[in-house]
>>> print(open('final.tsv').read())   # TSV, C-alpha atoms and all ligand atoms
chain	number	residue	atom	x	y	z
T	1	MET	CA	43.39	-8.03	-50.08
T	2	ASP	CA	44.31	-11.38	-48.45
T	3	THR	CA	46.34	-14.02	-50.27
T	4	ILE	CA	43.38	-16.13	-51.44
T	5	SER	CA	41.34	-13.18	-52.60
T	6	ARG	CA	44.33	-11.74	-54.42
T	7	ARG	CA	45.02	-15.05	-56.18
T	8	THR	CA	41.36	-15.36	-57.20
T	9	PHE	CA	41.43	-11.84	-58.53
T	10	ILE	CA	44.54	-12.53	-60.60
T	11	GLU	CA	43.15	-15.79	-61.98
T	12	THR	CA	39.82	-14.17	-62.82
T	13	ALA	CA	41.50	-11.23	-64.45
T	14	GLY	CA	43.70	-13.58	-66.45
T	15	VAL	CA	40.75	-15.56	-67.77
T	16	ALA	CA	38.90	-12.40	-68.64
T	17	ALA	CA	41.90	-11.02	-70.50
T	18	ALA	CA	42.36	-14.26	-72.43
T	19	ALA	CA	38.68	-14.34	-73.35
T	20	THR	CA	38.88	-10.81	-74.62
T	21	VAL	CA	41.82	-11.60	-76.86
T	22	ILE	CA	40.36	-14.84	-78.19
T	23	GLY	CA	36.89	-13.37	-78.55
T	24	ALA	CA	38.22	-10.50	-80.59
T	25	GLU	CA	39.74	-12.83	-83.11
T	26	ALA	CA	36.98	-15.35	-83.65
T	27	PRO	CA	33.46	-15.90	-82.33
T	28	LYS	CA	33.18	-19.36	-80.87
T	29	GLN	CA	29.54	-20.10	-81.48
T	30	GLU	CA	27.80	-20.20	-84.78
T	31	GLU	CA	24.64	-18.65	-83.39
T	32	THR	CA	26.61	-15.61	-82.27
T	33	PRO	CA	26.79	-13.26	-85.24
T	34	GLN	CA	30.29	-12.09	-85.88
T	35	LYS	CA	30.66	-8.51	-84.87
T	36	PRO	CA	32.22	-6.34	-87.53
T	37	LYS	CA	35.74	-5.30	-86.77
T	38	ASN	CA	36.10	-1.70	-85.82
T	39	ARG	CA	37.54	0.47	-88.53
T	40	ILE	CA	39.10	3.85	-87.96
T	41	ILE	CA	38.15	6.41	-90.58
T	42	VAL	CA	41.35	8.23	-91.45
T	43	LEU	CA	41.69	11.89	-92.38
T	44	PRO	CA	43.45	11.86	-95.78
T	45	LYS	CA	46.47	14.09	-96.22
T	46	LEU	CA	46.00	17.33	-98.09
T	47	PRO	CA	47.24	16.92	-101.68
T	48	PHE	CA	49.01	20.31	-101.48
T	49	ALA	CA	50.71	22.56	-98.93
T	50	GLU	CA	48.36	24.69	-96.81
T	51	ASN	CA	49.81	27.91	-98.21
T	52	SER	CA	49.91	26.82	-101.85
T	53	LEU	CA	46.42	28.02	-102.83
T	54	ALA	CA	47.09	31.60	-101.70
T	55	PRO	CA	46.09	34.25	-102.47
T	56	VAL	CA	42.86	32.67	-103.75
T	57	ILE	CA	42.47	30.68	-100.52
T	58	SER	CA	44.76	31.61	-97.64
T	59	ALA	CA	46.80	29.21	-95.56
T	60	GLU	CA	44.74	30.32	-92.56
T	61	THR	CA	41.50	29.25	-94.25
T	62	ILE	CA	42.98	25.92	-95.29
T	63	SER	CA	44.35	25.39	-91.80
T	64	PHE	CA	40.94	25.87	-90.18
T	65	HIS	CA	38.99	24.20	-92.97
T	66	TYR	CA	41.13	21.07	-93.11
T	67	GLY	CA	42.53	20.96	-89.59
T	68	LYS	CA	39.35	21.85	-87.72
T	69	HIS	CA	36.30	21.27	-89.92
T	70	HIS	CA	37.35	18.27	-92.02
T	71	ALA	CA	39.25	16.74	-89.10
T	72	GLY	CA	36.26	17.47	-86.86
T	73	TYR	CA	33.94	15.38	-89.00
T	74	VAL	CA	36.45	12.52	-88.87
T	75	ALA	CA	36.72	12.72	-85.08
T	76	ALA	CA	32.94	12.90	-84.65
T	77	LEU	CA	32.31	9.88	-86.86
T	78	ASN	CA	35.01	7.79	-85.21
T	79	LYS	CA	33.45	8.60	-81.84
T	80	MET	CA	30.04	7.35	-82.98
T	81	LEU	CA	31.08	4.24	-84.86
T	82	PRO	CA	32.06	1.72	-82.13
T	83	GLY	CA	29.12	-0.53	-81.33
T	84	SER	CA	26.97	0.90	-84.11
T	85	LYS	CA	25.72	-1.01	-87.16
T	86	TYR	CA	28.13	1.03	-89.24
T	87	ALA	CA	31.27	-0.11	-87.40
T	88	GLY	CA	33.57	-1.90	-89.79
T	89	MET	CA	32.08	-0.35	-92.93
T	90	THR	CA	34.08	1.72	-95.36
T	91	LEU	CA	33.34	5.42	-95.50
T	92	GLU	CA	31.42	4.98	-98.75
T	93	GLU	CA	29.39	2.12	-97.28
T	94	ILE	CA	28.51	4.23	-94.21
T	95	ILE	CA	27.30	7.08	-96.42
T	96	VAL	CA	25.02	4.89	-98.51
T	97	ALA	CA	23.69	2.88	-95.55
T	98	ALA	CA	23.14	5.87	-93.27
T	99	LYS	CA	21.34	7.73	-96.04
T	100	ALA	CA	18.98	4.78	-96.52
T	101	ASP	CA	18.48	4.53	-92.75
T	102	GLN	CA	17.92	8.28	-92.39
T	103	ALA	CA	20.62	8.14	-89.72
T	104	ASP	CA	21.40	11.82	-90.04
T	105	ALA	CA	24.29	12.09	-87.59
T	106	PHE	CA	26.20	9.25	-89.25
T	107	PHE	CA	25.32	10.41	-92.77
T	108	ASN	CA	26.19	14.06	-92.21
T	109	ASN	CA	29.61	13.41	-90.72
T	110	ALA	CA	30.51	10.64	-93.17
T	111	ALA	CA	29.34	12.56	-96.23
T	112	GLN	CA	31.13	15.69	-95.12
T	113	ILE	CA	34.36	13.71	-94.79
T	114	TRP	CA	33.95	12.34	-98.31
T	115	ASN	CA	32.88	15.68	-99.82
T	116	HIS	CA	35.82	17.51	-98.29
T	117	THR	CA	38.32	14.93	-99.51
T	118	PHE	CA	36.80	15.30	-102.97
T	119	TYR	CA	36.98	19.10	-102.69
T	120	TRP	CA	40.71	19.07	-101.89
T	121	ASP	CA	41.16	16.74	-104.85
T	122	SER	CA	39.25	19.17	-107.05
T	123	LEU	CA	41.75	21.95	-106.37
T	124	ALA	CA	45.37	22.55	-107.23
T	125	PRO	CA	47.78	25.45	-106.80
T	126	ALA	CA	47.29	28.03	-109.55
T	127	GLY	CA	48.98	26.92	-112.75
T	128	SER	CA	49.43	23.30	-111.70
T	129	GLY	CA	45.95	21.83	-112.19
T	130	GLY	CA	46.46	21.19	-115.88
T	131	LYS	CA	43.91	21.42	-118.64
T	132	PRO	CA	41.03	19.10	-119.55
T	133	SER	CA	42.04	16.09	-121.59
T	134	LYS	CA	41.09	16.04	-125.27
T	135	ALA	CA	38.12	13.77	-124.54
T	136	LEU	CA	36.86	15.86	-121.64
T	137	SER	CA	37.52	19.12	-123.43
T	138	GLU	CA	35.44	18.03	-126.40
T	139	VAL	CA	32.44	17.15	-124.26
T	140	LEU	CA	32.84	20.32	-122.17
T	141	VAL	CA	32.73	22.45	-125.31
T	142	LYS	CA	29.82	20.47	-126.69
T	143	THR	CA	27.86	20.75	-123.43
T	144	PHE	CA	28.74	24.22	-122.14
T	145	GLY	CA	30.23	26.03	-125.12
T	146	SER	CA	33.71	26.24	-123.61
T	147	VAL	CA	35.79	25.14	-120.64
T	148	GLU	CA	35.67	28.67	-119.32
T	149	ASN	CA	31.88	28.75	-119.52
T	150	CYS	CA	31.68	25.47	-117.62
T	151	ALA	CA	33.78	27.03	-114.86
T	152	ARG	CA	31.55	30.10	-114.87
T	153	LEU	CA	28.39	27.99	-114.62
T	154	LEU	CA	29.92	25.98	-111.78
T	155	ALA	CA	30.55	29.22	-109.90
T	156	GLU	CA	27.03	30.40	-110.68
T	157	SER	CA	25.56	27.17	-109.33
T	158	ALA	CA	27.63	27.59	-106.16
T	159	ASN	CA	26.45	31.18	-105.78
T	160	LYS	CA	22.80	30.17	-106.09
T	161	ARG	CA	22.98	27.46	-103.42
T	162	PHE	CA	20.93	28.83	-100.53
T	163	GLY	CA	22.77	28.33	-97.26
T	164	CYS	CA	25.52	25.75	-97.01
T	165	GLY	CA	26.30	23.17	-99.64
T	166	TRP	CA	28.30	22.12	-102.63
T	167	ALA	CA	28.45	22.75	-106.38
T	168	TRP	CA	29.36	19.82	-108.61
T	169	LEU	CA	30.42	19.04	-112.14
T	170	LEU	CA	28.96	15.57	-112.66
T	171	VAL	CA	28.55	12.87	-115.23
T	172	ARG	CA	24.87	12.00	-114.89
T	173	ASP	CA	23.53	9.21	-117.08
T	174	GLY	CA	26.51	9.72	-119.37
T	175	LYS	CA	26.06	13.49	-119.74
T	176	LEU	CA	27.93	16.36	-118.11
T	177	VAL	CA	25.79	18.43	-115.77
T	178	ILE	CA	26.33	21.10	-113.13
T	179	GLU	CA	24.28	20.80	-109.98
T	180	SER	CA	24.44	21.80	-106.33
T	181	THR	CA	23.59	19.94	-103.14
T	182	SER	CA	22.66	21.27	-99.72
T	183	ASN	CA	24.46	20.74	-96.44
T	184	ALA	CA	26.20	17.33	-96.52
T	185	GLU	CA	24.26	15.88	-99.46
T	186	THR	CA	26.56	14.09	-101.87
T	187	PRO	CA	26.21	12.56	-105.35
T	188	LEU	CA	27.81	9.43	-103.95
T	189	THR	CA	24.37	8.21	-102.89
T	190	GLU	CA	22.98	8.35	-106.43
T	191	LYS	CA	23.35	5.70	-109.09
T	192	ASP	CA	24.80	6.54	-112.49
T	193	VAL	CA	26.20	9.81	-111.17
T	194	LYS	CA	29.95	10.34	-111.15
T	195	PRO	CA	31.43	13.57	-109.80
T	196	LEU	CA	34.35	15.22	-111.60
T	197	LEU	CA	34.83	18.41	-109.58
T	198	CYS	CA	33.22	20.17	-106.63
T	199	VAL	CA	33.32	23.52	-104.87
T	200	ASP	CA	32.60	23.87	-101.16
T	201	VAL	CA	30.21	26.73	-100.47
T	202	TRP	CA	29.88	26.38	-96.75
T	203	GLU	CA	30.83	29.73	-95.24
T	204	HIS	CA	33.84	28.20	-93.49
T	205	ALA	CA	35.35	27.66	-96.95
T	206	TYR	CA	35.70	31.37	-97.66
T	207	TYR	CA	34.66	33.63	-94.79
T	208	LEU	CA	38.13	34.37	-93.43
T	209	ASP	CA	39.26	35.53	-96.88
T	210	TYR	CA	36.11	36.88	-98.52
T	211	GLN	CA	33.61	37.41	-95.67
T	212	ASN	CA	30.16	37.64	-97.32
T	213	ARG	CA	31.51	37.86	-100.89
T	214	ARG	CA	30.81	34.28	-101.91
T	215	ALA	CA	30.78	35.14	-105.61
T	216	ALA	CA	34.34	36.50	-105.39
T	217	TYR	CA	35.47	33.20	-103.83
T	218	THR	CA	33.69	30.97	-106.35
T	219	GLN	CA	34.91	33.04	-109.30
T	220	ALA	CA	38.53	32.93	-108.13
T	221	VAL	CA	38.43	29.21	-107.32
T	222	THR	CA	36.80	28.15	-110.57
T	223	GLU	CA	39.02	30.38	-112.71
T	224	LYS	CA	42.35	29.62	-111.03
T	225	LEU	CA	42.32	26.50	-108.86
T	226	LEU	CA	40.29	23.74	-110.53
T	227	ASN	CA	42.24	20.54	-110.99
T	228	TRP	CA	41.30	19.69	-114.56
T	229	GLY	CA	43.95	17.00	-114.66
T	230	LYS	CA	42.19	14.97	-111.98
T	231	ALA	CA	38.79	15.75	-113.51
T	232	SER	CA	40.09	14.31	-116.79
T	233	PHE	CA	41.33	11.19	-115.03
T	234	ARG	CA	37.96	10.71	-113.35
T	235	TYR	CA	36.13	11.31	-116.62
T	236	ALA	CA	38.24	8.70	-118.44
T	237	LYS	CA	37.87	6.21	-115.62
T	238	ARG	CA	34.11	6.51	-115.50
T	239	THR	CA	33.27	6.56	-119.15
T	240	VAL	CA	35.59	3.91	-120.59
F	301	FE	FE	33.91	22.71	-95.85
>>> encode(input="final.tsv", output="structure tokens")
Amino acid sequence: MDTISRRTFIETAGVAAAATVIGAEAPKQEETPQKPKNRIIVLPKLPFAENSLAPVISAETISFHYGKHHAGYVAALNKMLPGSKYAGMTLEEIIVAAKADQADAFFNNAAQIWNHTFYWDSLAPAGSGGKPSKALSEVLVKTFGSVENCARLLAESANKRFGCGWAWLLVRDGKLVIESTSNAETPLTEKDVKPLLCVDVWEHAYYLDYQNRRAAYTQAVTEKLLNWGKASFRYAKRTV
């Protein structure tokens, strides 16, 4: 590269670099719609140690489930977001918008991220999840007969889900209900529905520990690992 060409190259590169920096901070022309800032969707930390749910759920299952599956959805979504209409949205906004758009790839990855985060927050090491608050306990007894029967019905709903999906304890229109959703479907897309607890019934949630015995997994999880303390907090927050 001769001297003139080299100087031109440096000057051109300098202008381009400056434009990139300035352009990223503020669009100069009103007719140019401001592009949303890119947002990185972050994998939340597990609220417990990987080995702390054993023997109900092994550290190996948690390691794969959180470190490969949950993290995989985060990586996939972050790869798709730049330049898309969903760039810059929160995770919840992506889920609602992609559902409305029938943008399955965005919806599935985003909803699976949210569902898994909610699942980890629905569980606690045995003996540390607390009991339902007085207010939640009263409505659980009124609705399902007992707290234990609610847990049993949640497991039953999970067992009946054909294929992959989720079982949920929800507040729907002010009433407690147990329902299940398929694949990545999430109650987050519905109005007047507030989830309290969920159980993941994708095979990756239990196959290393229970193989085909889904009912053994759902029974153990709902009897020993549900985080009733957080469910009570959510119930109070959503009904006050
Ligand atoms: Fe999962």
>>> atom_distance(input="final.tsv", atom1="atom CA of Lys68 of chain T", atom2="atom CA of Ser122 of chain T")
19.5 Å
>>> residues_around(input="final.tsv", residues="Asn159 of chain T", least_positions_apart="2", cutoff="8 Å", atoms="only C-alpha atoms", output="MDAnalysis selection string")
chainID T and resid 155:157 161:162 201 214:215 218
>>> residues_around(input="final.tsv", residues="Gly229 of chain T", least_positions_apart="6", cutoff="9 Å", atoms="all atoms listed in the file", output="PyMOL selection string")
chain T and resi 128-133
>>> closest_residue(input="final.tsv", among="T:Glu138, T:Glu203, T:Asp209, T:Asp173", to="Ser232 of chain T", atoms="only C-alpha atoms")
T:Glu138
>>> closest_residue(input="final.tsv", among="T:Glu223, T:Tyr235, T:Ser84, T:Phe64", to="Leu169 of chain T", atoms="all atoms listed in the file")
T:Tyr235
>>> atom_distance(input="final.tsv", atom1="atom CA of Thr143 of chain T", atom2="atom CA of Trp168 of chain T")
14.9 Å
>>> closest_residue(input="final.tsv", among="T:Tyr86, T:Trp120, T:Tyr217, T:Phe144", to="ligand FE 301 (chain F)", atoms="all atoms listed in the file")
T:Trp120
>>> closest_atom_pairs(input="final.tsv", of="chain T", to="ligand FE 301 (chain F)", cutoff="7 Å", atoms="only C-alpha atoms and all ligand atoms", output="CSV")
residue,atom,partner,partner_atom,distance
T:His65,CA,F:FE301,FE,6.0
T:His69,CA,F:FE301,FE,6.6
T:His70,CA,F:FE301,FE,6.8
T:His116,CA,F:FE301,FE,6.1
T:Asp200,CA,F:FE301,FE,5.6
T:Trp202,CA,F:FE301,FE,5.5
T:His204,CA,F:FE301,FE,6.0
T:Ala205,CA,F:FE301,FE,5.3
>>> closest_residue(input="final.tsv", among="T:Leu123, T:Ala54, T:Ala98, T:Leu91", to="Lys230 of chain T", atoms="all atoms listed in the file")
T:Leu123
>>> atom_distance(input="final.tsv", atom1="atom CA of Thr181 of chain T", atom2="atom CA of Gly165 of chain T")
5.5 Å
>>> closest_residue(input="final.tsv", among="T:Thr189, T:Gln219, T:Asn78, T:Ser180", to="Phe106 of chain T", atoms="all atoms listed in the file")
T:Asn78
>>> residues_around(input="final.tsv", residues="segment 194-198 of chain T", least_positions_apart="4", cutoff="8 Å", atoms="all atoms listed in the file", output="number ranges by chain")
T: 118-119, 122, 166-172, 187-188, 226-227, 230-232, 234-235, 238
>>> axis_aligned_box(input="final.tsv", around="segment 48-55 of chain T", padding_each_side="4 Å", output="lines of an AutoDock Vina configuration file")
center_x = 48.4
center_y = 27.3
center_z = -99.8
size_x = 12.6
size_y = 21.9
size_z = 14.0
>>> decode(input="final.tsv", residues="segment 168-221 of chain T", atoms="C-alpha atoms", output="PDB file, in the first residue's frame")
ATOM      1  CA  TRP T 168     -48.898 -25.417  36.896  1.00  0.00           C
ATOM      2  CA  LEU T 169     -50.609 -24.248  40.047  1.00  0.00           C
ATOM      3  CA  LEU T 170     -52.214 -21.000  38.913  1.00  0.00           C
ATOM      4  CA  VAL T 171     -54.442 -18.216  40.079  1.00  0.00           C
ATOM      5  CA  ARG T 172     -56.915 -17.908  37.214  1.00  0.00           C
ATOM      6  CA  ASP T 173     -59.549 -15.197  37.478  1.00  0.00           C
ATOM      7  CA  GLY T 174     -58.948 -15.111  41.218  1.00  0.00           C
ATOM      8  CA  LYS T 175     -59.308 -18.864  41.741  1.00  0.00           C
ATOM      9  CA  LEU T 176     -56.676 -21.548  42.268  1.00  0.00           C
ATOM     10  CA  VAL T 177     -56.494 -24.062  39.437  1.00  0.00           C
ATOM     11  CA  ILE T 178     -54.132 -26.801  38.302  1.00  0.00           C
ATOM     12  CA  GLU T 179     -53.456 -27.022  34.593  1.00  0.00           C
ATOM     13  CA  SER T 180     -50.770 -28.246  32.224  1.00  0.00           C
ATOM     14  CA  THR T 181     -49.289 -26.753  29.069  1.00  0.00           C
ATOM     15  CA  SER T 182     -47.525 -28.439  26.173  1.00  0.00           C
ATOM     16  CA  ASN T 183     -43.996 -27.887  24.940  1.00  0.00           C
ATOM     17  CA  ALA T 184     -42.992 -24.264  25.665  1.00  0.00           C
ATOM     18  CA  GLU T 185     -46.497 -22.899  26.261  1.00  0.00           C
ATOM     19  CA  THR T 186     -46.600 -20.636  29.285  1.00  0.00           C
ATOM     20  CA  PRO T 187     -49.335 -18.931  31.328  1.00  0.00           C
ATOM     21  CA  LEU T 188     -47.392 -15.712  30.931  1.00  0.00           C
ATOM     22  CA  THR T 189     -49.217 -15.081  27.653  1.00  0.00           C
ATOM     23  CA  GLU T 190     -52.651 -15.168  29.290  1.00  0.00           C
ATOM     24  CA  LYS T 191     -54.375 -12.311  31.063  1.00  0.00           C
ATOM     25  CA  ASP T 192     -55.620 -12.698  34.613  1.00  0.00           C
ATOM     26  CA  VAL T 193     -53.513 -15.811  35.103  1.00  0.00           C
ATOM     27  CA  LYS T 194     -50.757 -15.795  37.707  1.00  0.00           C
ATOM     28  CA  PRO T 195     -48.578 -18.869  38.217  1.00  0.00           C
ATOM     29  CA  LEU T 196     -47.621 -19.944  41.738  1.00  0.00           C
ATOM     30  CA  LEU T 197     -45.691 -23.169  41.085  1.00  0.00           C
ATOM     31  CA  CYS T 198     -44.720 -25.345  38.134  1.00  0.00           C
ATOM     32  CA  VAL T 199     -43.246 -28.761  37.433  1.00  0.00           C
ATOM     33  CA  ASP T 200     -41.192 -29.465  34.319  1.00  0.00           C
ATOM     34  CA  VAL T 201     -42.277 -32.685  32.639  1.00  0.00           C
ATOM     35  CA  TRP T 202     -39.972 -32.651  29.678  1.00  0.00           C
ATOM     36  CA  GLU T 203     -38.053 -35.925  29.739  1.00  0.00           C
ATOM     37  CA  HIS T 204     -34.766 -34.097  30.277  1.00  0.00           C
ATOM     38  CA  ALA T 205     -36.092 -33.107  33.718  1.00  0.00           C
ATOM     39  CA  TYR T 206     -36.112 -36.670  35.022  1.00  0.00           C
ATOM     40  CA  TYR T 207     -34.759 -39.247  32.592  1.00  0.00           C
ATOM     41  CA  LEU T 208     -31.274 -39.572  34.068  1.00  0.00           C
ATOM     42  CA  ASP T 209     -32.768 -40.314  37.487  1.00  0.00           C
ATOM     43  CA  TYR T 210     -36.101 -41.984  36.748  1.00  0.00           C
ATOM     44  CA  GLN T 211     -35.911 -43.073  33.077  1.00  0.00           C
ATOM     45  CA  ASN T 212     -39.528 -43.685  31.973  1.00  0.00           C
ATOM     46  CA  ARG T 213     -40.994 -43.451  35.490  1.00  0.00           C
ATOM     47  CA  ARG T 214     -42.415 -39.951  35.215  1.00  0.00           C
ATOM     48  CA  ALA T 215     -44.934 -40.545  37.998  1.00  0.00           C
ATOM     49  CA  ALA T 216     -42.133 -41.388  40.448  1.00  0.00           C
ATOM     50  CA  TYR T 217     -40.427 -38.078  39.593  1.00  0.00           C
ATOM     51  CA  THR T 218     -43.576 -35.959  39.871  1.00  0.00           C
ATOM     52  CA  GLN T 219     -44.611 -37.615  43.137  1.00  0.00           C
ATOM     53  CA  ALA T 220     -41.197 -37.070  44.723  1.00  0.00           C
ATOM     54  CA  VAL T 221     -40.922 -33.471  43.511  1.00  0.00           C
TER      55      VAL T 221
END
